[in-house]
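One file, data.tsv, is given below (TSV, C-alpha atoms).
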```tsv
chain	number	residue	atom	x	y	z
A	36	MET	CA	75.78	94.15	78.47
A	37	LEU	CA	72.72	96.12	79.48
A	38	SER	CA	73.33	99.21	81.61
A	39	SER	CA	70.83	101.39	83.44
A	40	ILE	CA	70.87	105.17	83.40
A	41	LYS	CA	69.20	107.19	86.12
A	42	GLN	CA	67.70	110.53	85.20
A	43	ALA	CA	65.95	113.28	87.15
A	44	GLY	CA	62.64	113.01	85.30
A	45	LYS	CA	60.51	109.92	85.77
A	46	ASP	CA	59.19	109.68	82.22
A	47	LEU	CA	62.38	110.49	80.31
A	48	LEU	CA	62.54	108.42	77.14
A	49	ARG	CA	65.00	109.15	74.37
A	50	ARG	CA	65.41	107.30	71.09
A	51	ALA	CA	68.53	107.31	68.95
A	52	GLY	CA	68.18	104.77	66.16
A	53	TRP	CA	66.53	102.08	68.18
A	54	ARG	CA	68.55	102.69	71.32
A	55	LEU	CA	66.38	103.02	74.39
A	56	ILE	CA	67.26	104.93	77.55
A	57	ALA	CA	64.85	104.71	80.46
A	58	TYR	CA	64.54	105.89	84.03
A	59	SER	CA	64.55	103.86	87.21
A	60	GLU	CA	63.40	104.91	90.65
A	61	GLY	CA	65.65	102.26	92.12
A	62	GLU	CA	63.07	101.03	94.60
A	63	PRO	CA	64.06	97.94	96.62
A	64	GLY	CA	63.40	94.74	94.72
A	65	ASN	CA	62.86	96.55	91.42
A	66	SER	CA	65.07	96.29	88.37
A	67	SER	CA	66.09	99.40	86.46
A	68	TRP	CA	65.03	100.00	82.91
A	69	ALA	CA	67.52	99.16	80.24
A	70	ARG	CA	69.71	100.92	77.72
A	71	VAL	CA	69.57	98.66	74.69
A	72	ASN	CA	72.06	98.78	71.84
A	73	SER	CA	71.23	95.62	69.86
A	74	VAL	CA	68.80	92.75	69.60
A	75	GLU	CA	71.61	90.30	70.26
A	76	GLU	CA	72.30	92.02	73.58
A	77	LEU	CA	68.67	91.52	74.52
A	78	ARG	CA	68.84	87.87	73.52
A	79	LEU	CA	71.98	87.12	75.53
A	80	ALA	CA	70.81	89.14	78.53
A	81	SER	CA	67.45	87.36	78.62
A	82	LEU	CA	69.18	83.98	78.56
A	83	ALA	CA	71.49	85.09	81.36
A	84	TYR	CA	68.53	86.28	83.41
A	85	ALA	CA	66.78	82.93	82.93
A	86	LYS	CA	69.89	81.08	84.07
A	87	SER	CA	70.01	83.21	87.21
A	88	MET	CA	66.54	81.93	88.15
A	89	ARG	CA	67.64	78.27	87.95
A	90	LEU	CA	67.81	76.41	91.28
A	91	ARG	CA	69.63	73.31	92.48
A	92	GLU	CA	69.13	71.64	95.83
A	93	GLY	CA	71.25	68.77	97.08
A	94	GLY	CA	73.05	68.58	93.76
A	95	SER	CA	69.84	68.12	91.76
A	96	PHE	CA	67.82	70.51	89.61
A	97	SER	CA	64.82	71.76	91.59
A	98	GLY	CA	63.12	74.15	89.16
A	99	TYR	CA	63.14	77.83	88.26
A	100	ARG	CA	62.01	80.79	90.32
A	101	TYR	CA	59.38	83.14	88.92
A	102	CYS	CA	61.46	86.18	89.91
A	103	SER	CA	64.42	87.08	92.12
A	104	THR	CA	62.30	87.47	95.26
A	105	SER	CA	60.32	84.23	94.82
A	106	LYS	CA	60.82	81.85	97.71
A	107	LYS	CA	60.00	78.63	95.83
A	108	PRO	CA	60.38	77.38	92.26
A	109	VAL	CA	57.19	77.12	90.19
A	110	LEU	CA	56.54	74.93	87.17
A	111	TYR	CA	55.36	77.90	85.08
A	112	ALA	CA	58.88	79.33	85.34
A	113	THR	CA	60.55	76.07	84.32
A	114	ILE	CA	58.29	75.84	81.27
A	115	ALA	CA	59.10	79.46	80.41
A	116	ALA	CA	62.85	78.77	80.64
A	117	LEU	CA	62.57	75.78	78.31
A	118	LEU	CA	60.49	77.76	75.81
A	119	LEU	CA	62.86	80.73	75.97
A	120	LYS	CA	65.95	78.61	75.35
A	121	HIS	CA	64.28	76.89	72.41
A	122	LEU	CA	63.05	80.18	70.93
A	123	LEU	CA	66.48	81.79	71.19
A	124	ASP	CA	68.25	78.71	69.80
A	125	ALA	CA	70.13	78.21	73.03
A	126	ILE	CA	69.28	74.60	73.90
A	127	ASP	CA	71.85	73.36	76.39
A	128	GLU	CA	72.72	70.22	78.33
A	129	ASP	CA	70.50	71.34	81.20
A	130	CYS	CA	67.37	70.95	79.05
A	131	THR	CA	67.38	67.15	79.32
A	132	GLU	CA	67.23	67.37	83.10
A	133	GLU	CA	64.61	70.10	82.96
A	134	LEU	CA	62.37	68.12	80.58
A	135	GLU	CA	62.52	65.07	82.84
A	136	TYR	CA	61.56	67.32	85.75
A	137	LEU	CA	58.64	68.72	83.74
A	138	THR	CA	57.15	65.32	82.92
A	139	CYS	CA	56.96	64.43	86.61
A	140	PHE	CA	54.15	66.96	87.04
A	141	GLN	CA	51.70	65.26	84.68
A	142	ASN	CA	48.81	63.60	86.52
A	143	ASP	CA	46.80	60.53	85.54
A	144	ASP	CA	44.15	62.64	83.80
A	145	GLY	CA	46.85	64.17	81.60
A	146	LEU	CA	46.87	67.60	83.24
A	147	PHE	CA	50.03	69.13	84.65
A	148	ARG	CA	49.72	70.39	88.23
A	149	ASP	CA	52.17	72.19	90.49
A	150	PRO	CA	51.56	71.72	94.25
A	151	VAL	CA	53.43	74.96	95.02
A	152	ILE	CA	50.71	77.11	93.43
A	153	SER	CA	47.73	74.80	94.05
A	154	CYS	CA	44.48	76.59	94.86
A	155	PRO	CA	40.78	76.29	93.88
A	156	GLN	CA	41.21	78.85	91.08
A	157	ALA	CA	43.80	76.65	89.36
A	158	ASP	CA	40.99	74.19	88.63
A	159	GLN	CA	38.50	76.89	87.68
A	160	GLU	CA	40.39	79.40	85.52
A	161	ASP	CA	41.83	79.01	82.04
A	162	TRP	CA	43.96	82.14	81.56
A	163	TRP	CA	46.09	80.61	84.32
A	164	GLY	CA	45.87	77.28	86.10
A	165	TRP	CA	46.12	73.61	85.30
A	166	ARG	CA	44.64	73.58	81.79
A	167	HIS	CA	46.66	76.62	80.75
A	168	MET	CA	49.80	75.14	82.28
A	169	THR	CA	49.12	71.87	80.46
A	170	MET	CA	48.80	73.68	77.13
A	171	LEU	CA	52.21	75.30	77.67
A	172	ALA	CA	53.82	72.11	78.97
A	173	LEU	CA	52.66	70.13	75.94
A	174	MET	CA	53.97	72.86	73.63
A	175	ALA	CA	57.38	72.68	75.31
A	176	LEU	CA	57.48	68.90	75.13
A	177	ALA	CA	56.48	68.93	71.47
A	178	LEU	CA	59.14	71.50	70.57
A	179	TYR	CA	61.81	69.36	72.24
A	180	ARG	CA	60.33	66.14	70.81
A	181	LYS	CA	59.92	64.75	74.31
A	182	PRO	CA	56.74	62.59	74.62
A	183	ALA	CA	54.28	63.33	77.38
A	184	PRO	CA	54.20	60.22	79.59
A	185	ARG	CA	50.39	60.09	79.94
A	186	SER	CA	47.39	60.40	77.65
A	187	LEU	CA	45.03	63.38	77.97
A	188	LYS	CA	42.13	61.54	79.57
A	189	SER	CA	40.47	64.78	80.65
A	190	LEU	CA	39.58	65.35	76.99
A	191	GLU	CA	37.67	62.11	76.52
A	192	PRO	CA	34.19	63.44	77.48
A	193	LEU	CA	34.51	66.04	74.72
A	194	PHE	CA	35.00	63.49	71.95
A	195	ASN	CA	31.25	62.88	71.90
A	196	GLU	CA	30.05	65.26	69.16
A	197	ASN	CA	26.75	66.24	70.76
A	198	ALA	CA	28.41	66.72	74.14
A	199	PHE	CA	31.09	68.89	72.57
A	200	ARG	CA	28.54	71.11	70.85
A	201	ARG	CA	26.71	71.56	74.14
A	202	TYR	CA	30.06	72.38	75.74
A	203	LEU	CA	30.71	75.09	73.14
A	204	ASP	CA	27.24	76.54	73.61
A	205	SER	CA	27.78	76.78	77.36
A	206	TRP	CA	30.43	79.50	77.13
A	207	ASP	CA	29.96	83.28	77.00
A	208	TRP	CA	30.44	84.50	73.42
A	209	GLY	CA	29.57	88.09	74.25
A	210	VAL	CA	31.33	90.33	76.75
A	211	ARG	CA	33.55	87.49	78.00
A	212	ALA	CA	34.53	86.08	74.63
A	213	ALA	CA	38.21	86.71	75.46
A	214	TRP	CA	37.91	84.49	78.55
A	215	THR	CA	36.09	81.85	76.50
A	216	SER	CA	38.95	81.93	74.02
A	217	ASN	CA	41.46	81.06	76.74
A	218	THR	CA	39.43	77.97	77.60
A	219	LEU	CA	39.05	76.81	74.03
A	220	GLN	CA	42.65	77.50	73.12
A	221	ASN	CA	43.75	75.25	75.97
A	222	VAL	CA	41.32	72.55	74.87
A	223	GLY	CA	42.18	73.01	71.19
A	224	VAL	CA	45.95	72.75	71.71
A	225	MET	CA	45.47	69.69	73.89
A	226	MET	CA	43.39	68.10	71.12
A	227	GLN	CA	45.98	68.98	68.48
A	228	TYR	CA	48.66	67.42	70.66
A	229	ALA	CA	46.55	64.29	71.28
A	230	ARG	CA	45.92	63.93	67.55
A	231	ASP	CA	49.46	64.62	66.29
A	232	TYR	CA	51.61	63.18	69.10
A	233	GLN	CA	49.46	60.50	70.71
A	234	GLY	CA	47.48	59.16	67.74
A	235	VAL	CA	44.02	60.07	69.08
A	236	THR	CA	42.06	60.12	65.82
A	237	SER	CA	38.78	61.19	67.45
A	238	ALA	CA	40.39	64.55	68.22
A	239	ASP	CA	40.47	65.36	64.50
A	240	ARG	CA	36.68	65.32	64.11
A	241	THR	CA	36.23	67.30	67.32
A	242	LEU	CA	38.62	69.97	66.04
A	243	GLU	CA	36.65	70.22	62.81
A	244	ILE	CA	33.54	70.93	64.85
A	245	LEU	CA	35.42	73.58	66.79
A	246	PHE	CA	36.70	75.34	63.66
A	247	ASP	CA	33.24	75.38	62.06
A	248	TYR	CA	31.74	76.72	65.27
A	249	LEU	CA	34.31	79.50	65.50
A	250	ASP	CA	33.65	80.53	61.89
A	251	GLU	CA	30.01	81.02	62.79
A	252	LYS	CA	30.87	83.11	65.85
A	253	GLN	CA	33.26	85.47	64.04
A	254	ASP	CA	31.94	88.96	63.32
A	255	PRO	CA	32.33	89.63	59.53
A	256	ALA	CA	32.56	93.41	59.92
A	257	THR	CA	35.53	93.36	62.30
A	258	GLY	CA	36.80	89.78	62.02
A	259	LEU	CA	36.70	89.62	65.83
A	260	PHE	CA	34.84	87.71	68.54
A	261	GLY	CA	32.40	89.26	71.00
A	262	ASP	CA	29.14	91.19	70.86
A	263	LYS	CA	30.39	94.77	70.32
A	264	PHE	CA	33.62	96.57	69.57
A	265	GLU	CA	32.85	100.23	70.19
A	266	SER	CA	35.19	101.10	73.05
A	267	ALA	CA	38.97	100.62	73.11
A	268	GLU	CA	38.55	97.91	75.74
A	269	GLU	CA	35.92	96.03	73.73
A	270	LEU	CA	38.09	96.22	70.62
A	271	SER	CA	41.13	94.97	72.53
A	272	ASN	CA	39.18	92.09	74.05
A	273	GLY	CA	37.90	91.12	70.61
A	274	VAL	CA	41.45	90.98	69.27
A	275	GLN	CA	42.65	89.02	72.28
A	276	ALA	CA	39.91	86.47	71.72
A	277	GLY	CA	40.84	86.18	68.06
A	278	TYR	CA	44.53	85.67	68.85
A	279	HIS	CA	43.77	82.58	70.91
A	280	PHE	CA	41.46	81.13	68.25
A	281	TRP	CA	43.56	81.99	65.18
A	282	LEU	CA	46.61	80.19	66.52
A	283	LEU	CA	44.61	76.96	66.32
A	284	ASN	CA	43.82	77.77	62.68
A	285	PHE	CA	47.42	78.67	61.85
A	286	TYR	CA	48.78	75.45	63.29
A	287	ASP	CA	46.27	73.29	61.40
A	288	GLY	CA	46.57	75.31	58.19
A	289	ARG	CA	42.87	76.09	58.44
A	290	PRO	CA	41.76	79.20	56.46
A	291	ILE	CA	40.85	82.25	58.52
A	292	LEU	CA	37.83	84.28	57.48
A	293	HIS	CA	37.66	88.07	57.05
A	294	VAL	CA	41.42	88.57	56.99
A	295	GLU	CA	41.32	92.19	55.81
A	296	SER	CA	38.77	93.11	58.48
A	297	ILE	CA	40.99	91.53	61.12
A	298	ILE	CA	44.00	93.57	60.00
A	299	ASP	CA	41.93	96.77	60.10
A	300	SER	CA	40.73	95.95	63.62
A	301	VAL	CA	44.14	94.97	64.99
A	302	LEU	CA	45.76	98.15	63.67
A	303	ARG	CA	43.17	100.13	65.61
A	304	THR	CA	44.46	98.65	68.89
A	305	GLN	CA	47.83	100.42	68.67
A	306	SER	CA	48.13	103.34	71.08
A	307	LEU	CA	50.03	106.60	70.71
A	308	SER	CA	52.88	105.08	72.72
A	309	GLY	CA	53.38	102.35	70.11
A	310	GLY	CA	52.10	99.49	72.27
A	311	PHE	CA	48.78	97.75	71.81
A	312	GLY	CA	45.70	97.75	74.01
A	313	VAL	CA	44.06	100.37	76.19
A	314	LYS	CA	46.80	101.80	78.42
A	315	TRP	CA	50.03	103.55	77.43
A	316	ASN	CA	51.93	100.85	79.32
A	317	SER	CA	50.61	97.94	77.31
A	318	SER	CA	50.81	94.46	78.79
A	319	ALA	CA	52.69	91.46	77.44
A	320	CYS	CA	49.37	89.86	76.50
A	321	GLU	CA	47.97	92.93	74.73
A	322	ASP	CA	51.16	93.36	72.71
A	323	ILE	CA	51.52	89.79	71.49
A	324	ASP	CA	47.78	89.43	70.86
A	325	SER	CA	48.05	92.16	68.20
A	326	ILE	CA	51.61	91.56	66.96
A	327	ASP	CA	51.15	87.84	66.32
A	328	PRO	CA	48.10	88.06	64.00
A	329	LEU	CA	49.56	91.04	62.12
A	330	VAL	CA	52.76	89.10	61.45
A	331	ARG	CA	50.91	86.00	60.28
A	332	LEU	CA	48.09	87.62	58.33
A	333	THR	CA	50.33	89.99	56.36
A	334	ARG	CA	51.93	86.87	54.91
A	335	LEU	CA	48.53	86.07	53.37
A	336	THR	CA	47.58	89.46	51.95
A	337	SER	CA	49.05	92.81	50.95
A	338	HIS	CA	46.14	94.65	52.56
A	339	LYS	CA	47.48	97.77	54.32
A	340	ALA	CA	51.02	96.42	54.12
A	341	ASP	CA	52.60	99.86	54.56
A	342	ALA	CA	50.42	100.63	57.60
A	343	VAL	CA	51.36	97.31	59.17
A	344	GLN	CA	55.07	97.96	58.67
A	345	ALA	CA	54.68	101.42	60.17
A	346	ALA	CA	52.91	99.84	63.15
A	347	PHE	CA	55.81	97.41	63.58
A	348	GLN	CA	58.34	100.25	63.53
A	349	ARG	CA	56.40	102.09	66.25
A	350	ALA	CA	55.91	98.92	68.28
A	351	LEU	CA	59.61	98.04	68.50
A	352	PRO	CA	60.75	100.74	70.96
A	353	ALA	CA	57.47	100.44	72.86
A	354	LEU	CA	58.06	96.73	73.32
A	355	VAL	CA	61.68	97.16	74.42
A	356	ARG	CA	60.60	99.65	77.10
A	357	ASN	CA	59.62	96.54	79.06
A	358	ALA	CA	63.19	95.20	79.22
A	359	ASN	CA	65.20	95.63	82.43
A	360	SER	CA	68.93	95.98	83.03
A	361	ASP	CA	69.08	92.53	84.67
A	362	GLY	CA	68.07	90.94	81.36
A	363	GLY	CA	64.52	90.19	82.42
A	364	TRP	CA	61.27	91.77	81.27
A	365	VAL	CA	58.07	92.97	82.94
A	366	PHE	CA	54.44	92.14	82.24
A	367	ARG	CA	53.43	95.82	82.36
A	368	ARG	CA	55.72	98.73	83.08
A	369	ASP	CA	55.21	100.56	86.42
A	370	GLU	CA	52.68	98.07	87.83
A	371	ALA	CA	53.08	95.21	90.30
A	372	MET	CA	51.47	91.93	89.34
A	373	THR	CA	50.48	88.57	90.77
A	374	TYR	CA	50.17	86.17	87.86
A	375	GLY	CA	47.35	83.93	88.92
A	376	PHE	CA	46.54	83.39	92.58
A	377	SER	CA	49.82	82.46	94.21
A	378	GLU	CA	52.24	84.57	96.22
A	379	HIS	CA	55.01	82.63	94.48
A	380	MET	CA	54.12	84.33	91.18
A	381	TYR	CA	54.23	87.93	92.40
A	382	SER	CA	56.57	90.56	90.97
A	383	ALA	CA	56.80	94.15	92.17
A	384	ALA	CA	56.42	97.16	89.91
A	385	ASN	CA	59.22	97.13	87.31
A	386	GLN	CA	60.64	93.86	88.66
A	387	SER	CA	61.58	91.26	86.08
A	388	ASN	CA	59.92	87.86	86.07
A	389	LEU	CA	60.83	84.79	84.08
A	390	PHE	CA	57.46	83.88	82.63
A	391	PHE	CA	56.92	87.23	80.95
A	392	THR	CA	60.57	87.43	79.95
A	393	TRP	CA	59.80	84.48	77.69
A	394	PHE	CA	56.50	85.95	76.52
A	395	ARG	CA	58.01	89.35	75.77
A	396	MET	CA	60.90	87.78	73.87
A	397	LEU	CA	58.40	85.75	71.86
A	398	SER	CA	56.69	89.02	70.91
A	399	LEU	CA	60.03	90.51	69.91
A	400	ALA	CA	60.97	87.48	67.83
A	401	LEU	CA	57.61	87.58	66.02
A	402	LEU	CA	57.86	91.32	65.48
A	403	LEU	CA	61.31	91.00	63.90
A	404	GLU	CA	60.01	88.21	61.65
A	405	GLY	CA	57.24	90.52	60.47
A	406	MET	CA	59.41	93.56	59.76
A	407	THR	CA	60.41	93.61	56.11
A	408	ASP	CA	63.24	96.07	56.72
A	409	ASN	CA	65.01	94.74	59.79
A	410	ARG	CA	68.56	94.55	58.51
A	411	ASP	CA	69.75	96.30	61.66
A	412	HIS	CA	67.54	94.29	64.00
A	413	LYS	CA	68.28	90.60	63.53
A	414	MET	CA	68.02	88.00	66.26
A	415	LYS	CA	69.10	84.38	66.35
A	416	SER	CA	65.90	82.42	66.88
A	417	ARG	CA	64.49	78.97	66.19
A	418	TRP	CA	61.03	78.19	64.82
A	419	ASP	CA	60.16	74.52	65.05
A	420	THR	CA	56.50	73.62	64.65
A	421	ALA	CA	54.37	72.50	67.58
A	422	PRO	CA	50.80	73.15	68.70
A	423	GLY	CA	50.47	76.24	70.89
A	424	LEU	CA	52.01	79.69	70.48
A	425	GLN	CA	55.65	79.31	69.51
A	426	PHE	CA	55.66	78.39	65.83
A	427	LEU	CA	55.52	80.07	62.44
A	428	HIS	CA	54.48	77.31	60.05
A	429	SER	CA	51.56	74.89	59.95
A	430	HIS	CA	52.28	71.30	60.88
A	431	ALA	CA	51.01	70.36	57.41
A	432	ILE	CA	53.94	72.14	55.71
```
Mind converting the file's structure to structure tokens?
Amino acid sequence: MLSSIKQAGKDLLRRAGWRLIAYSEGEPGNSSWARVNSVEELRLASLAYAKSMRLREGGSFSGYRYCSTSKKPVLYATIAALLLKHLLDAIDEDCTEELEYLTCFQNDDGLFRDPVISCPQADQEDWWGWRHMTMLALMALALYRKPAPRSLKSLEPLFNENAFRRYLDSWDWGVRAAWTSNTLQNVGVMMQYARDYQGVTSADRTLEILFDYLDEKQDPATGLFGDKFESAEELSNGVQAGYHFWLLNFYDGRPILHVESIIDSVLRTQSLSGGFGVKWNSSACEDIDSIDPLVRLTRLTSHKADAVQAAFQRALPALVRNANSDGGWVFRRDEAMTYGFSEHMYSAANQSNLFFTWFRMLSLALLLEGMTDNRDHKMKSRWDTAPGLQFLHSHAI
């Protein structure tokens, strides 16, 4: 399905149509880069890779591994598998068992916690950890129409309007605006879920406060969030912050300000390699943080439509460079990574992992939706609406 080709030069990359041939050093534990002939091959191979990470113990489902060398299953991987199967319209009989397994991790305060990766940082961080995991878990449950068993009690202190405004003021809206956006996306998605799936009406007013606050913090000149956008890193961080915030707007059908400025800024984040961000080997986060808003915003305006389509054409082979011959994908090519603070979420350089296989495939699915001339690059995908990341239409439509 996907075959690897070894070459003498490390950086050999040849394109023919949208076929990709890439080099592998074949280091122990690493997957080789992939030769890709069609989007459907990628889709089927990614599903096969996810299935290979599924574990059963004593006849019962026991979760998914993060990667082939992981010693224990982690909840992040199970959530990723559920999201991947839904995205690729490959819901199977195993999903019922997996959803039941997922709900067992919700605690009395409404947050989902995984003892396997428990550490102090899981309580403290929001780009990874319990609140981020909860945001993803709720998205998966909403997409499958499976109710969360417990209410989100951890949100209740924020339903006081004055307390919520003080909470918003307490975060860094300058150099760490991207980190702030992770926190508020988690909170915002949890509030959208509480409002739309658990009937918590007080969440609606709190979300209105959040949207108004974000409008005030947005820079009109660039459409981004932060205090300056002069360097490539500052620009990238500003786009990453916006991505997290704008998804809340898109789900609620809330207008986004300075759309043309945003498009101009996001286009500037594309590198010579075709990926987005600062390095040539762009990360899964950098790529989707630019691809997602371009796809959505170009549905609202014709501003720089040709430039956006050209950016999509360049991004496609750059994105696929992150696919491996085992069907999985990497977070960033040629670099090892520990996602979060657990040894159970470590993948070696060029080794596939399940969480970013889902995230990379989500980028690909969005990219193909945004390309106006993709007759040769079609993929079977499913776009139900739920708060979070994996949707195309507002819940109001």
At a cut-off of 9 Å, can you tabulate as JSON lines every residue of segment 240-276 of chain A near segment 302-324 of chain A together with its closest atom pair and the distance in Å to one decimal, using all atoms listed in the file and ordering rows by chain then number?
```
{"residue": "A:Ala267", "atom": "CA", "partner": "A:Val313", "partner_atom": "CA", "distance": 6.0}
{"residue": "A:Glu268", "atom": "CA", "partner": "A:Val313", "partner_atom": "CA", "distance": 6.1}
{"residue": "A:Leu270", "atom": "CA", "partner": "A:Thr304", "partner_atom": "CA", "distance": 7.0}
{"residue": "A:Ser271", "atom": "CA", "partner": "A:Gly312", "partner_atom": "CA", "distance": 5.6}
{"residue": "A:Asn272", "atom": "CA", "partner": "A:Gly312", "partner_atom": "CA", "distance": 8.6}
{"residue": "A:Val274", "atom": "CA", "partner": "A:Asp324", "partner_atom": "CA", "distance": 6.7}
{"residue": "A:Gln275", "atom": "CA", "partner": "A:Asp324", "partner_atom": "CA", "distance": 5.3}
{"residue": "A:Ala276", "atom": "CA", "partner": "A:Asp324", "partner_atom": "CA", "distance": 8.5}
```
What does the file look like for those residues with C-alpha atoms, as a PDB file, keeping the file's coordinate frame?
```pdb
ATOM      1  CA  ALA A 267      38.970 100.620  73.110  1.00  0.00           C
ATOM      2  CA  GLU A 268      38.550  97.910  75.740  1.00  0.00           C
ATOM      3  CA  LEU A 270      38.090  96.220  70.620  1.00  0.00           C
ATOM      4  CA  SER A 271      41.130  94.970  72.530  1.00  0.00           C
ATOM      5  CA  ASN A 272      39.180  92.090  74.050  1.00  0.00           C
ATOM      6  CA  VAL A 274      41.450  90.980  69.270  1.00  0.00           C
ATOM      7  CA  GLN A 275      42.650  89.020  72.280  1.00  0.00           C
ATOM      8  CA  ALA A 276      39.910  86.470  71.720  1.00  0.00           C
TER       9      ALA A 276
END
```
Worksheet item: Quick one: residues within 9 Å of Ala175 of chain A, only C-alpha atoms counted, chain neighbours fewer than 5 positions away excluded, as a list of chain:residue names?
Response: A:Ile114, A:Ala115, A:Leu117, A:Leu118, A:His121, A:Leu134, A:Met170, A:Arg180, A:Lys181, A:Ala421, A:Gly423, A:Gln425
Worksheet entry | Between atom CA of Leu110 of chain A and atom CA of Ala238 of chain A, distance in Å (one decimal) | 27.0 Å
Discussion item. Need to verify the contact set: segment 394-402 of chain A, 7 Å, only C-alpha atoms, exclusion of same-chain residues closer than 6 positions in sequence. Can you return it as a PyMOL selection string?
Written reply: chain A and resi 319+323+326-327+330+347+364
Discussion item. Restricting the calculation to all atoms listed in the file: of A:Arg201, A:Lys188, A:Lys415, A:Arg331, which residue gets closest to Leu282 of chain A?
Written reply: A:Arg331
Practice prompt. Would you list the contacts of Ile297 of chain A as a list in words, taking every protein, DNA or RNA residue within 8 Å and counting all atoms listed in the file, but skipping same-chain residues closer than 2 positions in sequence?
Written response: Thr257, Gly258, Leu259, His293, Val294, Glu295, Asp299, Ser300 and Val301 of chain A
Worksheet item: Nearest to Thr420 of chain A: which of A:Glu370, A:Asp231, A:Glu128, A:Asp247 is it, counting only C-alpha atoms?
Response: A:Asp231
Discussion item. Could you list, as number ranges by chain, every residue within 9 Å of Leu203 of chain A, counting all atoms listed in the file and ignoring same-chain residues fewer than 4 positions away?
Written reply: A: 198-199, 219, 245, 248
Next, write the just-selected residues to a file, as a PDB file, in the frame of the given file, keeping C-alpha atoms as the atom set.
```
ATOM      1  CA  ALA A 198      28.410  66.720  74.140  1.00  0.00           C
ATOM      2  CA  PHE A 199      31.090  68.890  72.570  1.00  0.00           C
ATOM      3  CA  LEU A 219      39.050  76.810  74.030  1.00  0.00           C
ATOM      4  CA  LEU A 245      35.420  73.580  66.790  1.00  0.00           C
ATOM      5  CA  TYR A 248      31.740  76.720  65.270  1.00  0.00           C
TER       6      TYR A 248
END
```
